[in-house]
$ cat data18.cif   # mmCIF, C-alpha atoms
data_upload
loop_
_atom_site.group_PDB
_atom_site.id
_atom_site.type_symbol
_atom_site.label_atom_id
_atom_site.label_comp_id
_atom_site.auth_asym_id
_atom_site.auth_seq_id
_atom_site.Cartn_x
_atom_site.Cartn_y
_atom_site.Cartn_z
ATOM 1 C CA MET E 244 10.311 -18.349 17.517
ATOM 2 C CA ASN E 245 11.417 -18.689 13.949
ATOM 3 C CA GLN E 246 11.780 -15.460 12.045
ATOM 4 C CA PRO E 247 11.387 -15.410 8.268
ATOM 5 C CA ALA E 248 14.600 -15.468 6.265
ATOM 6 C CA CYS E 249 15.047 -12.964 3.470
ATOM 7 C CA TYR E 250 15.931 -14.131 -0.014
ATOM 8 C CA ARG E 251 16.803 -12.657 -3.382
ATOM 9 C CA LEU E 252 15.835 -14.644 -6.474
ATOM 10 C CA ARG E 253 17.396 -13.467 -9.736
ATOM 11 C CA ILE E 254 15.726 -14.500 -12.952
ATOM 12 C CA ASP E 255 16.647 -13.999 -16.581
ATOM 13 C CA GLY E 256 14.716 -11.223 -18.308
ATOM 14 C CA HIS E 257 12.539 -8.397 -17.079
ATOM 15 C CA LEU E 258 9.167 -9.167 -15.530
ATOM 16 C CA ASP E 259 6.362 -6.642 -15.980
ATOM 17 C CA ASP E 260 4.866 -5.039 -12.863
ATOM 18 C CA HIS E 261 1.671 -7.084 -13.180
ATOM 19 C CA TRP E 262 3.665 -10.160 -12.069
ATOM 20 C CA SER E 263 4.492 -8.602 -8.682
ATOM 21 C CA ALA E 264 1.120 -9.631 -7.202
ATOM 22 C CA ARG E 265 1.922 -13.258 -8.025
ATOM 23 C CA PHE E 266 4.996 -13.046 -5.773
ATOM 24 C CA GLY E 267 3.259 -11.526 -2.747
ATOM 25 C CA ASP E 268 5.439 -9.377 -0.515
ATOM 26 C CA LEU E 269 8.600 -9.733 -2.581
ATOM 27 C CA LYS E 270 9.977 -6.572 -4.141
ATOM 28 C CA LEU E 271 10.375 -6.817 -7.919
ATOM 29 C CA THR E 272 13.398 -4.932 -9.303
ATOM 30 C CA ARG E 273 14.383 -4.852 -12.964
ATOM 31 C CA GLU E 274 18.181 -4.741 -13.114
ATOM 32 C CA SER E 275 20.277 -2.998 -15.785
ATOM 33 C CA ASP E 276 21.854 -6.340 -16.768
ATOM 34 C CA GLY E 277 18.537 -7.618 -18.133
ATOM 35 C CA THR E 278 17.583 -9.665 -15.070
ATOM 36 C CA THR E 279 14.836 -9.241 -12.488
ATOM 37 C CA SER E 280 15.409 -9.560 -8.739
ATOM 38 C CA LEU E 281 12.651 -10.627 -6.375
ATOM 39 C CA SER E 282 13.615 -9.940 -2.778
ATOM 40 C CA GLY E 283 12.080 -9.989 0.672
ATOM 41 C CA PRO E 284 11.066 -12.168 3.607
ATOM 42 C CA VAL E 285 10.004 -15.778 3.127
ATOM 43 C CA ALA E 286 8.220 -17.366 6.081
ATOM 44 C CA ASP E 287 9.445 -20.947 5.701
ATOM 45 C CA GLN E 288 10.670 -23.655 3.343
ATOM 46 C CA ALA E 289 7.140 -24.373 2.093
ATOM 47 C CA GLU E 290 6.745 -20.752 0.973
ATOM 48 C CA LEU E 291 10.205 -20.825 -0.633
ATOM 49 C CA HIS E 292 9.314 -23.954 -2.602
ATOM 50 C CA GLY E 293 6.068 -22.277 -3.653
ATOM 51 C CA LEU E 294 8.016 -19.301 -5.019
ATOM 52 C CA LEU E 295 10.341 -21.611 -6.931
ATOM 53 C CA THR E 296 7.308 -23.384 -8.388
ATOM 54 C CA LYS E 297 5.910 -20.035 -9.565
ATOM 55 C CA VAL E 298 9.221 -19.208 -11.267
ATOM 56 C CA ARG E 299 9.191 -22.625 -12.957
ATOM 57 C CA ASP E 300 5.572 -22.219 -14.039
ATOM 58 C CA LEU E 301 6.389 -18.859 -15.663
ATOM 59 C CA GLY E 302 8.969 -20.644 -17.799
ATOM 60 C CA VAL E 303 11.751 -18.214 -16.896
ATOM 61 C CA THR E 304 15.316 -19.144 -15.984
ATOM 62 C CA LEU E 305 16.301 -18.917 -12.321
ATOM 63 C CA ILE E 306 19.846 -17.535 -12.199
ATOM 64 C CA SER E 307 20.412 -17.498 -8.448
ATOM 65 C CA LEU E 308 18.808 -17.793 -5.034
ATOM 66 C CA THR E 309 20.594 -16.006 -2.200
ATOM 67 C CA ILE E 310 19.859 -15.479 1.484
ATOM 68 C CA VAL E 311 20.218 -11.737 2.122
ATOM 69 C CA SER E 312 19.960 -9.352 5.040
ATOM 70 C CA CYS E 313 16.364 -8.649 6.054
ATOM 71 C CA SER E 314 17.318 -5.070 6.846
ATOM 72 C CA ASN E 315 18.100 -4.497 3.161
ATOM 73 C CA PRO E 316 17.001 -7.472 1.015
ATOM 74 C CA ALA E 317 17.927 -5.674 -2.223
ATOM 75 C CA ASP E 318 21.548 -5.426 -1.053
ATOM 76 C CA ASP E 319 24.057 -7.416 -3.106
ATOM 77 C CA GLU E 320 25.816 -8.896 -0.081
ATOM 78 C CA PRO E 321 24.656 -12.387 0.879
ATOM 79 C CA VAL E 322 24.316 -13.249 4.543
ATOM 80 C CA PRO E 323 27.242 -15.422 5.712
ATOM 81 C CA ARG E 324 26.241 -18.904 6.876
#
$ encode --input "data18.cif" --output "structure tokens"
Amino acid sequence: MNQPACYRLRIDGHLDDHWSARFGDLKLTRESDGTTSLSGPVADQAELHGLLTKVRDLGVTLISLTIVSCSNPADDEPVPR
């Protein structure tokens, strides 16, 4: 069985809390450096592409996309591949 991978998307700027519903189960964290992190499990590539489309449609800049540990998706350490 495939388990969902966990990702952290960093975008430029701070998103308001009302945008969190648009990103489903991802945790929205406003960082002190002026970016927003969206982190959590993503079921498959189709869902990942859907999230990237939402970021594009908002007109914000995607800074990074990182696979992270599902035990702590807000952690700064990427999962080695």
$ residues_around --input "data18.cif" --residues "Cys313 of chain E" --least-positions-apart "3" --cutoff "8 Å" --atoms "all atoms listed in the file" --output "list in words"
Ala248, Cys249, Gly283, Pro284 and Pro316 of chain E
$ resolve_selection --input "data18.cif" --expression "the PyMOL selection byres ((chain E and resi 262-278) around 12)" --output "ChimeraX atom specification"
/E:249-261,279-286,290-291,293-298,300-301,303-307,313,315-319
$ closest_residue --input "data18.cif" --among "E:Ile310, E:His292, E:Gly302, E:Asp287" --to "Gln246 of chain E" --atoms "only C-alpha atoms"
E:Asp287
